[in-house]
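What follows is run.cif (mmCIF, C-alpha atoms and all ligand atoms).
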```cif
data_structure
#
loop_
_atom_site.group_PDB
_atom_site.id
_atom_site.type_symbol
_atom_site.label_atom_id
_atom_site.label_comp_id
_atom_site.auth_asym_id
_atom_site.auth_seq_id
_atom_site.Cartn_x
_atom_site.Cartn_y
_atom_site.Cartn_z
ATOM 1 C CA MET A 1 3.357 4.150 17.957
ATOM 2 C CA LYS A 2 6.504 6.258 17.855
ATOM 3 C CA THR A 3 8.947 5.399 15.071
ATOM 4 C CA ALA A 4 12.016 6.339 17.103
ATOM 5 C CA GLY A 5 13.861 3.277 18.368
ATOM 6 C CA GLU A 6 11.865 0.790 16.258
ATOM 7 C CA VAL A 7 12.977 -1.701 13.623
ATOM 8 C CA VAL A 8 11.033 -0.835 10.456
ATOM 9 C CA LEU A 9 10.581 -3.298 7.570
ATOM 10 C CA ILE A 10 9.473 -1.723 4.272
ATOM 11 C CA THR A 11 8.507 -3.609 1.093
ATOM 12 C CA GLY A 12 8.615 -1.941 -2.307
ATOM 13 C CA ALA A 13 11.442 0.094 -0.783
ATOM 14 C CA GLY A 14 13.184 0.548 -4.138
ATOM 15 C CA GLY A 15 10.216 2.448 -5.603
ATOM 16 C CA GLY A 16 8.788 5.923 -5.147
ATOM 17 C CA ILE A 17 6.641 5.739 -1.997
ATOM 18 C CA GLY A 18 8.810 2.979 -0.491
ATOM 19 C CA GLN A 19 11.972 5.063 -0.786
ATOM 20 C CA ALA A 20 10.134 8.000 0.749
ATOM 21 C CA LEU A 21 8.913 5.805 3.632
ATOM 22 C CA ALA A 22 12.509 4.727 4.253
ATOM 23 C CA ARG A 23 13.715 8.340 4.390
ATOM 24 C CA GLU A 24 10.819 9.300 6.652
ATOM 25 C CA ALA A 25 11.407 6.408 9.070
ATOM 26 C CA LYS A 26 15.095 7.268 9.266
ATOM 27 C CA ALA A 27 14.343 10.956 9.858
ATOM 28 C CA ARG A 28 12.027 9.966 12.721
ATOM 29 C CA GLY A 29 14.788 7.978 14.416
ATOM 30 C CA ALA A 30 14.059 4.357 13.505
ATOM 31 C CA LYS A 31 16.591 2.045 15.170
ATOM 32 C CA ALA A 32 17.098 0.016 11.974
ATOM 33 C CA LEU A 33 15.614 -0.162 8.502
ATOM 34 C CA VAL A 34 15.097 -3.405 6.626
ATOM 35 C CA LEU A 35 14.396 -2.619 2.986
ATOM 36 C CA SER A 36 12.987 -5.133 0.532
ATOM 37 C CA ASP A 37 12.127 -5.073 -3.163
ATOM 38 C CA LEU A 38 12.921 -6.941 -6.331
ATOM 39 C CA ALA A 39 16.694 -6.755 -6.832
ATOM 40 C CA GLY A 40 17.660 -3.557 -8.642
ATOM 41 C CA PRO A 41 19.273 -0.143 -8.491
ATOM 42 C CA GLY A 42 16.365 1.471 -6.622
ATOM 43 C CA LEU A 43 16.798 -0.851 -3.648
ATOM 44 C CA GLU A 44 20.592 -0.569 -3.671
ATOM 45 C CA ALA A 45 20.420 3.226 -3.792
ATOM 46 C CA ILE A 46 18.006 3.647 -0.876
ATOM 47 C CA ALA A 47 19.913 1.121 1.241
ATOM 48 C CA ALA A 48 23.157 3.022 0.617
ATOM 49 C CA GLU A 49 21.502 6.377 1.311
ATOM 50 C CA THR A 50 19.776 5.359 4.565
ATOM 51 C CA GLY A 51 22.142 2.680 5.869
ATOM 52 C CA GLY A 52 19.281 0.178 5.703
ATOM 53 C CA LEU A 53 19.677 -3.573 5.321
ATOM 54 C CA ALA A 54 18.628 -4.567 1.782
ATOM 55 C CA LEU A 55 16.967 -7.976 1.401
ATOM 56 C CA ALA A 56 15.928 -8.505 -2.217
ATOM 57 C CA GLY A 57 13.330 -10.978 -3.391
ATOM 58 C CA ASP A 58 9.967 -11.549 -5.001
ATOM 59 C CA LEU A 59 6.946 -11.174 -2.721
ATOM 60 C CA ARG A 60 5.013 -13.657 -4.854
ATOM 61 C CA ASP A 61 7.249 -16.323 -3.291
ATOM 62 C CA ALA A 62 5.796 -17.335 0.091
ATOM 63 C CA GLY A 63 9.134 -18.890 1.098
ATOM 64 C CA PHE A 64 10.917 -15.586 0.462
ATOM 65 C CA ILE A 65 8.517 -13.776 2.795
ATOM 66 C CA THR A 66 9.176 -16.276 5.592
ATOM 67 C CA ARG A 67 12.943 -15.898 5.092
ATOM 68 C CA LEU A 68 12.674 -12.099 4.822
ATOM 69 C CA VAL A 69 11.024 -11.709 8.215
ATOM 70 C CA ALA A 70 13.291 -14.309 9.875
ATOM 71 C CA ASP A 71 16.470 -12.683 8.442
ATOM 72 C CA ALA A 72 15.271 -9.199 9.326
ATOM 73 C CA GLU A 73 14.574 -10.132 12.951
ATOM 74 C CA GLU A 74 17.816 -12.094 13.316
ATOM 75 C CA ARG A 75 19.960 -9.278 11.923
ATOM 76 C CA ALA A 76 18.095 -6.144 13.055
ATOM 77 C CA GLY A 77 15.907 -7.233 15.976
ATOM 78 C CA PRO A 78 12.148 -7.621 16.453
ATOM 79 C CA ILE A 79 10.114 -5.698 13.884
ATOM 80 C CA GLY A 80 8.150 -2.858 15.461
ATOM 81 C CA ILE A 81 6.660 -1.363 12.297
ATOM 82 C CA LEU A 82 5.857 -3.329 9.132
ATOM 83 C CA CYS A 83 5.190 -1.282 5.996
ATOM 84 C CA CYS A 84 3.440 -3.432 3.357
ATOM 85 C CA ASN A 85 4.005 -1.003 0.520
ATOM 86 C CA ALA A 86 4.951 -2.981 -2.630
ATOM 87 C CA GLY A 87 2.189 -3.021 -5.194
ATOM 88 C CA THR A 88 1.417 -3.539 -8.843
ATOM 89 C CA ALA A 89 -0.904 -1.766 -11.259
ATOM 90 C CA ALA A 90 -0.918 -4.869 -13.501
ATOM 91 C CA GLY A 91 -4.098 -4.890 -15.528
ATOM 92 C CA TRP A 92 -4.858 -1.187 -15.107
ATOM 93 C CA VAL A 93 -4.568 -0.226 -18.747
ATOM 94 C CA GLU A 94 -5.663 -3.567 -20.217
ATOM 95 C CA ALA A 95 -8.911 -2.993 -22.092
ATOM 96 C CA GLY A 96 -11.185 -5.981 -21.540
ATOM 97 C CA VAL A 97 -9.504 -7.287 -18.391
ATOM 98 C CA ILE A 98 -12.956 -7.870 -16.888
ATOM 99 C CA THR A 99 -14.167 -10.096 -19.741
ATOM 100 C CA SER A 100 -10.836 -11.707 -20.651
ATOM 101 C CA PRO A 101 -10.689 -15.450 -19.852
ATOM 102 C CA ASP A 102 -7.016 -15.066 -18.867
ATOM 103 C CA ASP A 103 -6.359 -15.081 -15.107
ATOM 104 C CA ALA A 104 -2.714 -13.999 -15.334
ATOM 105 C CA LEU A 105 -3.168 -10.298 -14.515
ATOM 106 C CA TRP A 106 -5.671 -11.103 -11.757
ATOM 107 C CA SER A 107 -3.265 -13.601 -10.196
ATOM 108 C CA LEU A 108 -0.360 -11.160 -10.305
ATOM 109 C CA ALA A 109 -2.396 -8.321 -8.754
ATOM 110 C CA TRP A 110 -3.816 -10.687 -6.112
ATOM 111 C CA GLU A 111 -0.410 -12.075 -5.118
ATOM 112 C CA VAL A 112 1.361 -8.717 -4.834
ATOM 113 C CA ASN A 113 -1.428 -6.429 -3.607
ATOM 114 C CA VAL A 114 -3.186 -8.830 -1.221
ATOM 115 C CA LEU A 115 -1.497 -12.155 -0.555
ATOM 116 C CA SER A 116 1.854 -10.539 0.294
ATOM 117 C CA HIS A 117 0.046 -8.512 2.984
ATOM 118 C CA VAL A 118 -1.509 -11.727 4.343
ATOM 119 C CA ARG A 119 1.830 -13.553 4.415
ATOM 120 C CA LEU A 120 3.851 -10.642 5.825
ATOM 121 C CA SER A 121 1.256 -9.942 8.503
ATOM 122 C CA ARG A 122 1.110 -13.505 9.700
ATOM 123 C CA ALA A 123 4.913 -13.665 9.808
ATOM 124 C CA VAL A 124 5.270 -10.591 12.053
ATOM 125 C CA LEU A 125 2.060 -10.615 14.106
ATOM 126 C CA PRO A 126 2.773 -13.513 16.506
ATOM 127 C CA GLY A 127 5.940 -11.768 17.757
ATOM 128 C CA MET A 128 4.213 -8.383 17.966
ATOM 129 C CA ILE A 129 1.296 -9.892 19.867
ATOM 130 C CA ALA A 130 3.667 -11.648 22.281
ATOM 131 C CA ARG A 131 5.424 -8.318 22.908
ATOM 132 C CA GLY A 132 2.072 -6.506 23.172
ATOM 133 C CA ARG A 133 3.073 -3.850 20.639
ATOM 134 C CA GLY A 134 3.536 -3.314 16.921
ATOM 135 C CA HIS A 135 2.160 -1.351 13.985
ATOM 136 C CA LEU A 136 1.325 -2.168 10.357
ATOM 137 C CA LEU A 137 1.414 0.634 7.791
ATOM 138 C CA GLN A 138 -0.331 -0.706 4.680
ATOM 139 C CA THR A 139 0.030 1.323 1.482
ATOM 140 C CA ILE A 140 -3.321 0.674 -0.150
ATOM 141 C CA SER A 141 -4.936 3.348 -2.374
ATOM 142 C CA ALA A 142 -8.012 5.518 -2.718
ATOM 143 C CA ALA A 143 -8.955 2.838 -5.288
ATOM 144 C CA GLY A 144 -9.520 0.540 -2.303
ATOM 145 C CA LEU A 145 -12.195 2.906 -1.017
ATOM 146 C CA LEU A 146 -13.727 4.278 -4.195
ATOM 147 C CA THR A 147 -12.833 2.115 -7.245
ATOM 148 C CA ALA A 148 -10.711 3.736 -9.934
ATOM 149 C CA PRO A 149 -12.502 3.758 -13.307
ATOM 150 C CA GLY A 150 -10.816 1.400 -15.802
ATOM 151 C CA ALA A 151 -8.848 -0.397 -13.106
ATOM 152 C CA ALA A 152 -10.688 -3.582 -12.167
ATOM 153 C CA THR A 153 -7.691 -5.652 -11.058
ATOM 154 C CA TYR A 154 -6.244 -2.777 -9.055
ATOM 155 C CA SER A 155 -9.497 -1.671 -7.445
ATOM 156 C CA ALA A 156 -10.629 -5.186 -6.508
ATOM 157 C CA THR A 157 -7.296 -6.124 -4.946
ATOM 158 C CA LYS A 158 -6.937 -2.800 -3.124
ATOM 159 C CA HIS A 159 -10.454 -3.284 -1.675
ATOM 160 C CA ALA A 160 -9.320 -6.716 -0.502
ATOM 161 C CA ALA A 161 -6.164 -5.264 1.052
ATOM 162 C CA LEU A 162 -8.291 -2.718 2.897
ATOM 163 C CA GLY A 163 -10.587 -5.496 4.147
ATOM 164 C CA LEU A 164 -7.546 -7.329 5.488
ATOM 165 C CA ALA A 165 -6.209 -4.169 7.180
ATOM 166 C CA GLU A 166 -9.606 -3.597 8.821
ATOM 167 C CA SER A 167 -9.734 -7.244 9.911
ATOM 168 C CA ILE A 168 -6.290 -7.058 11.553
ATOM 169 C CA ALA A 169 -7.179 -3.781 13.300
ATOM 170 C CA ILE A 170 -10.439 -5.251 14.587
ATOM 171 C CA ALA A 171 -9.012 -8.633 15.630
ATOM 172 C CA HIS A 172 -5.735 -7.448 17.155
ATOM 173 C CA GLY A 173 -6.279 -3.900 18.391
ATOM 174 C CA GLY A 174 -6.785 -5.435 21.818
ATOM 175 C CA ASP A 175 -3.360 -7.111 21.558
ATOM 176 C CA GLY A 176 -1.551 -3.779 21.210
ATOM 177 C CA ILE A 177 -1.412 -3.883 17.395
ATOM 178 C CA GLY A 178 -2.093 -0.694 15.445
ATOM 179 C CA VAL A 179 -2.916 -0.556 11.740
ATOM 180 C CA THR A 180 -2.752 2.417 9.378
ATOM 181 C CA ALA A 181 -4.233 2.189 5.863
ATOM 182 C CA LEU A 182 -2.542 4.760 3.621
ATOM 183 C CA CYS A 183 -4.953 5.546 0.765
ATOM 184 C CA PRO A 184 -3.675 8.222 -1.614
ATOM 185 C CA GLN A 185 -4.878 9.108 -5.097
ATOM 186 C CA GLY A 186 -2.152 10.104 -7.581
ATOM 187 C CA VAL A 187 1.433 10.101 -6.281
ATOM 188 C CA ASP A 188 4.407 11.133 -8.406
ATOM 189 C CA THR A 189 6.139 7.743 -8.870
ATOM 190 C CA ALA A 190 7.048 5.293 -11.638
ATOM 191 C CA MET A 191 3.717 3.531 -11.141
ATOM 192 C CA LEU A 192 1.723 6.658 -11.907
ATOM 193 C CA ALA A 193 3.908 7.382 -14.941
ATOM 194 C CA ASP A 194 2.951 3.944 -16.298
ATOM 195 C CA VAL A 195 -0.784 4.530 -15.869
ATOM 196 C CA LYS A 196 -1.881 6.731 -18.760
ATOM 197 C CA ASP A 197 -5.271 7.455 -17.276
ATOM 198 C CA GLU A 198 -6.119 11.070 -16.544
ATOM 199 C CA ALA A 199 -8.547 10.052 -13.774
ATOM 200 C CA THR A 200 -5.536 9.218 -11.602
ATOM 201 C CA ARG A 201 -4.350 12.834 -11.875
ATOM 202 C CA ALA A 202 -7.695 14.631 -11.754
ATOM 203 C CA ASP A 203 -7.465 15.623 -8.094
ATOM 204 C CA GLY A 204 -3.790 16.524 -8.132
ATOM 205 C CA VAL A 205 -0.606 14.529 -7.831
ATOM 206 C CA MET A 206 1.206 14.532 -4.499
ATOM 207 C CA SER A 207 4.878 13.893 -3.861
ATOM 208 C CA ALA A 208 5.940 10.560 -2.404
ATOM 209 C CA ALA A 209 7.702 12.433 0.405
ATOM 210 C CA GLU A 210 4.486 14.164 1.498
ATOM 211 C CA VAL A 211 2.500 10.915 1.348
ATOM 212 C CA ALA A 212 5.168 9.111 3.411
ATOM 213 C CA ARG A 213 5.151 11.907 5.995
ATOM 214 C CA LEU A 214 1.366 11.668 6.344
ATOM 215 C CA GLY A 215 1.609 7.870 6.575
ATOM 216 C CA PHE A 216 4.020 8.016 9.511
ATOM 217 C CA ASP A 217 1.966 10.799 11.093
ATOM 218 C CA GLY A 218 -0.900 8.266 10.997
ATOM 219 C CA VAL A 219 1.278 5.567 12.583
ATOM 220 C CA GLU A 220 2.395 7.889 15.368
ATOM 221 C CA ALA A 221 -1.172 9.135 15.994
ATOM 222 C CA GLY A 222 -2.602 5.589 15.976
ATOM 223 C CA GLN A 223 -4.913 6.597 13.113
ATOM 224 C CA PHE A 224 -6.464 3.856 10.941
ATOM 225 C CA LEU A 225 -7.315 5.694 7.718
ATOM 226 C CA VAL A 226 -4.971 8.225 6.111
ATOM 227 C CA THR A 227 -6.278 9.932 2.947
ATOM 228 C CA PRO A 228 -3.582 12.356 1.788
ATOM 229 C CA HIS A 229 -5.944 13.795 -0.852
ATOM 230 C CA GLN A 230 -8.697 15.320 1.274
ATOM 231 C CA ARG A 231 -11.330 15.075 -1.489
ATOM 232 C CA VAL A 232 -11.362 11.314 -0.960
ATOM 233 C CA ARG A 233 -13.278 11.819 2.310
ATOM 234 C CA ARG A 234 -15.975 13.775 0.449
ATOM 235 C CA TYR A 235 -16.249 11.122 -2.258
ATOM 236 C CA MET A 236 -16.541 8.427 0.431
ATOM 237 C CA ALA A 237 -19.327 10.340 2.157
ATOM 238 C CA LYS A 238 -21.198 10.715 -1.144
ATOM 239 C CA LYS A 239 -20.781 7.031 -1.944
ATOM 240 C CA ALA A 240 -22.013 5.969 1.496
ATOM 241 C CA SER A 241 -24.987 8.321 1.464
ATOM 242 C CA ASP A 242 -26.272 7.287 -1.996
ATOM 243 C CA TYR A 243 -24.548 4.263 -3.510
ATOM 244 C CA GLU A 244 -26.852 4.176 -6.575
ATOM 245 C CA ALA A 245 -26.091 7.800 -7.438
ATOM 246 C CA TRP A 246 -22.384 7.123 -7.012
ATOM 247 C CA ILE A 247 -22.471 4.190 -9.507
ATOM 248 C CA THR A 248 -24.476 6.349 -11.949
ATOM 249 C CA ALA A 249 -21.947 9.185 -11.649
ATOM 250 C CA MET A 250 -19.039 6.794 -12.266
ATOM 251 C CA GLN A 251 -20.849 5.364 -15.316
ATOM 252 C CA GLY A 252 -21.292 8.906 -16.622
ATOM 253 C CA TYR A 253 -17.585 9.622 -16.091
ATOM 254 C CA THR A 254 -16.671 6.430 -17.977
ATOM 255 C CA ALA A 255 -19.010 7.209 -20.879
ATOM 256 C CA ARG A 256 -17.601 10.744 -21.219
ATOM 257 C CA ASN A 257 -14.031 9.455 -21.224
ATOM 258 C CA ARG A 258 -14.663 6.718 -23.785
ATOM 259 C CA GLY A 259 -14.442 9.491 -26.361
HETATM 260 N N1 LIG B 301 1.699 6.157 -7.376
HETATM 261 C C1 LIG B 301 0.420 6.286 -7.107
HETATM 262 O O1 LIG B 301 -0.279 7.131 -7.722
HETATM 263 C C2 LIG B 301 -0.212 5.439 -6.040
HETATM 264 C C3 LIG B 301 -1.484 5.810 -5.557
HETATM 265 C C4 LIG B 301 -2.095 5.040 -4.569
HETATM 266 C C5 LIG B 301 -1.436 3.929 -4.063
HETATM 267 N N2 LIG B 301 -0.202 3.574 -4.554
HETATM 268 C C6 LIG B 301 0.435 2.374 -3.981
HETATM 269 O O2 LIG B 301 1.674 2.742 -3.432
HETATM 270 C C7 LIG B 301 2.523 1.584 -3.351
HETATM 271 C C8 LIG B 301 3.906 1.957 -3.850
HETATM 272 O O3 LIG B 301 3.821 2.255 -5.237
HETATM 273 P P1 LIG B 301 4.646 3.443 -5.938
HETATM 274 O O4 LIG B 301 3.682 4.436 -6.382
HETATM 275 O O5 LIG B 301 5.791 3.834 -5.085
HETATM 276 O O6 LIG B 301 5.130 2.696 -7.270
HETATM 277 P P2 LIG B 301 6.529 2.075 -7.664
HETATM 278 O O7 LIG B 301 6.249 1.302 -8.889
HETATM 279 O O8 LIG B 301 7.571 3.117 -7.688
HETATM 280 O O9 LIG B 301 6.852 1.092 -6.435
HETATM 281 C C9 LIG B 301 6.271 -0.179 -6.280
HETATM 282 C C10 LIG B 301 7.368 -1.114 -5.832
HETATM 283 O O10 LIG B 301 6.804 -2.418 -5.577
HETATM 284 C C11 LIG B 301 7.744 -3.356 -6.020
HETATM 285 N N3 LIG B 301 7.153 -4.652 -6.350
HETATM 286 C C12 LIG B 301 6.191 -4.897 -7.294
HETATM 287 N N4 LIG B 301 5.983 -6.215 -7.391
HETATM 288 C C13 LIG B 301 6.825 -6.817 -6.490
HETATM 289 C C14 LIG B 301 7.076 -8.152 -6.149
HETATM 290 N N5 LIG B 301 6.455 -9.177 -6.766
HETATM 291 N N6 LIG B 301 7.996 -8.420 -5.188
HETATM 292 C C15 LIG B 301 8.652 -7.407 -4.582
HETATM 293 N N7 LIG B 301 8.459 -6.114 -4.860
HETATM 294 C C16 LIG B 301 7.558 -5.821 -5.821
HETATM 295 C C17 LIG B 301 8.331 -2.740 -7.290
HETATM 296 O O11 LIG B 301 9.567 -3.331 -7.646
HETATM 297 C C18 LIG B 301 8.426 -1.275 -6.923
HETATM 298 O O12 LIG B 301 9.694 -0.898 -6.432
HETATM 299 C C19 LIG B 301 1.805 0.503 -4.163
HETATM 300 O O13 LIG B 301 1.167 -0.404 -3.296
HETATM 301 C C20 LIG B 301 0.786 1.287 -4.971
HETATM 302 O O14 LIG B 301 -0.319 0.483 -5.349
HETATM 303 C C21 LIG B 301 0.413 4.307 -5.521
#
```
Can I see the file as structure tokens?
Amino acid sequence: MKTAGEVVLITGAGGGIGQALAREAKARGAKALVLSDLAGPGLEAIAAETGGLALAGDLRDAGFITRLVADAEERAGPIGILCCNAGTAAGWVEAGVITSPDDALWSLAWEVNVLSHVRLSRAVLPGMIARGRGHLLQTISAAGLLTAPGAATYSATKHAALGLAESIAIAHGGDGIGVTALCPQGVDTAMLADVKDEATRADGVMSAAEVARLGFDGVEAGQFLVTPHQRVRRYMAKKASDYEAWITAMQGYTARNRG
């Protein structure tokens, strides 16, 4: 789907990849940008820079998501491209998150990385289906394809987000709905700076601008999977061809990095 002339709604728009998606959509001639994030200077700055409509709120609040989509469509017009981009790395660096009895980090990761995609998708899809056109650009992660060592909450929720993206593509491709799953490894943003795990940087760190460009290339080409770091395709092929060997290799990596 071409970006030019479309209303584009972007979540996590105050952060690194979200800001870059906003700039990219504007450069490609989007008719209007609706930019959402937690209230803060990042959102204000990108709205001022791009002329986008800023609608701040917390995606863990289902009522906010309903209002966000309704306000966006009332003020900017029907949404053509939805970018579910907000995410959290909550739990990434918590040793013992797998065995901890506390659900808090799991709940946070689930609500932001998965449930917000569910709620946003179901708010925009009926209109898109009625119009016979629309595209979802879901910022997921290579961790949704491959599992990042030491990142159980992140990897599990990103796998779930990928399963949802696949489900929407399969169920609604025939209704004129396209889906693009953007699955980078390390990207130079605040989130990566917070994750002090060298594995996230091992295959190189890309700029948010480059990742956003590749994401919108995927939207415009009608491509489902976008892997900005090309090595991810090789790792996927290895995993698919010998799952047992892949688990063994990841165990070896973990043992070596335990020190
Ligand atoms: N940076 C990386 O290395 C990397 C790699 C792969 C995937 N990703 C994914 O890219 C997306 C964007 O992340 P980023 O790297 O730009 O990091 P970032 O931290 O700069 O941006 C994430 C944004 O999501 C917003 N957000 C978090 N929780 C929210 C909530 N409850 N309600 C509303 N907004 C909320 C944050 O405020 C922030 O602006 C995320 O989904 C992330 O998982 C990042």
Determine, counting only C-alpha atoms, which protein, DNA and RNA residues have an atom within 6 Å of an atom of segment 130-134 of chain A; residues of the same chain fewer than 2 positions away are not included. Present the result as a PyMOL selection string. chain A and resi 80-81+127-128+175-177
Residue IDs satisfying the PyMOL selection byres (((not hetatm)) within 7 of (chain B and resi 301)), as an MDAnalysis selection string: chainID A and resid 11:18 37:38 57:60 85:89 112:113 139:142 183:192 200
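Each of A:Val114, A:Ala32, A:Met1, A:Leu136 was checked against Thr180 of chain A using all atoms listed in the file; the smallest atom-to-atom distance is that of A:Leu136.
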Residues in the PyMOL selection byres (((chain A and resi 118-121) around 10) and not hetatm), expressed as a list in words: Thr11, Leu59, Arg60, Asp61, Ala62, Gly63, Ile65, Thr66, Leu68, Val69, Leu82, Cys83, Cys84, Glu111, Asn113, Val114, Leu115, Ser116, His117, Arg122, Ala123, Val124, Leu125, Pro126, Leu136, Ala161, Leu164, Ala165 and Ile168 of chain A
Residues in the PyMOL selection byres (((chain A and resi 215-229) around 8) and not hetatm), expressed as a ChimeraX atom specification: /A:1-3,21,24-25,135,137,142,178-185,203,211-214,230-233
Between atom CA of Val7 of chain A and atom CA of Glu74 of chain A, distance in Å (one decimal): 11.5 Å
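Distance annotation: of A:Thr147, A:Gly52, A:Ala152, A:His159, the residue with the minimal separation from Val97 of chain A is A:Ala152; atom set is all atoms listed in the file.
A straight line drawn from atom CA of Ser155 of chain A to atom CA of Ala143 of chain A is 5.0 Å long.
Atom CA of Thr254 of chain A to atom CA of Asp102 of chain A spans 23.6 Å [interatomic distance, one decimal].
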Would you pick out the contacts of segment 239-243 of chain A at 8 Å or less, using only C-alpha atoms, so that residues sharing its chain but fewer than 4 positions from it are not included, and give the list as a ChimeraX atom specification? /A:146,235,247
Shell around Leu53 of chain A at 9 Å using only C-alpha atoms, local window under 2 positions removed, as a short mmCIF file (atom, residue, chain, number, x, y, z; two decimals) with C-alpha atoms, keeping the file's coordinate frame:
```cif
data_model
loop_
_atom_site.label_atom_id
_atom_site.label_comp_id
_atom_site.auth_asym_id
_atom_site.auth_seq_id
_atom_site.Cartn_x
_atom_site.Cartn_y
_atom_site.Cartn_z
CA ALA A 32 17.10 0.02 11.97
CA LEU A 33 15.61 -0.16 8.50
CA VAL A 34 15.10 -3.40 6.63
CA LEU A 35 14.40 -2.62 2.99
CA SER A 36 12.99 -5.13 0.53
CA ALA A 47 19.91 1.12 1.24
CA ALA A 48 23.16 3.02 0.62
CA THR A 50 19.78 5.36 4.57
CA GLY A 51 22.14 2.68 5.87
CA LEU A 55 16.97 -7.98 1.40
CA ALA A 72 15.27 -9.20 9.33
CA ARG A 75 19.96 -9.28 11.92
CA ALA A 76 18.10 -6.14 13.06
#
```
Show me, as a PyMOL selection string, the residues that have an atom within 8 Å of Trp106 of chain A when counting all atoms listed in the file, minus same-chain residues fewer than 4 positions from it. chain A and resi 91+110+153
Any chance you can output those residues with C-alpha atoms as a PDB file, keeping the file's coordinate frame?
```pdb
ATOM      1  CA  GLY A  91      -4.098  -4.890 -15.528  1.00  0.00           C
ATOM      2  CA  TRP A 110      -3.816 -10.687  -6.112  1.00  0.00           C
ATOM      3  CA  THR A 153      -7.691  -5.652 -11.058  1.00  0.00           C
TER       4      THR A 153
END
```
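Using all atoms listed in the file, the nearest neighbour of Ala4 of chain A within the list A:Ala249, A:Ala30, A:Ala169, A:Ala90 is A:Ala30.
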Which of these residues is nearest to Gly173 of chain A, using all atoms listed in the file: A:Ile129, A:Trp246, A:Leu43, A:Ala255? A:Ile129
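Among the candidates A:Met236, A:Ala39, A:Ala109, A:Glu6, the residue lying nearest to Ala151 of chain A is A:Ala109 (atoms considered: all atoms listed in the file).
The shortest atom-to-atom distance to Ala20 of chain A, with all atoms listed in the file taken into account, belongs to A:Gly42 out of A:Ile79, A:Ala160, A:Asp194, A:Gly42.
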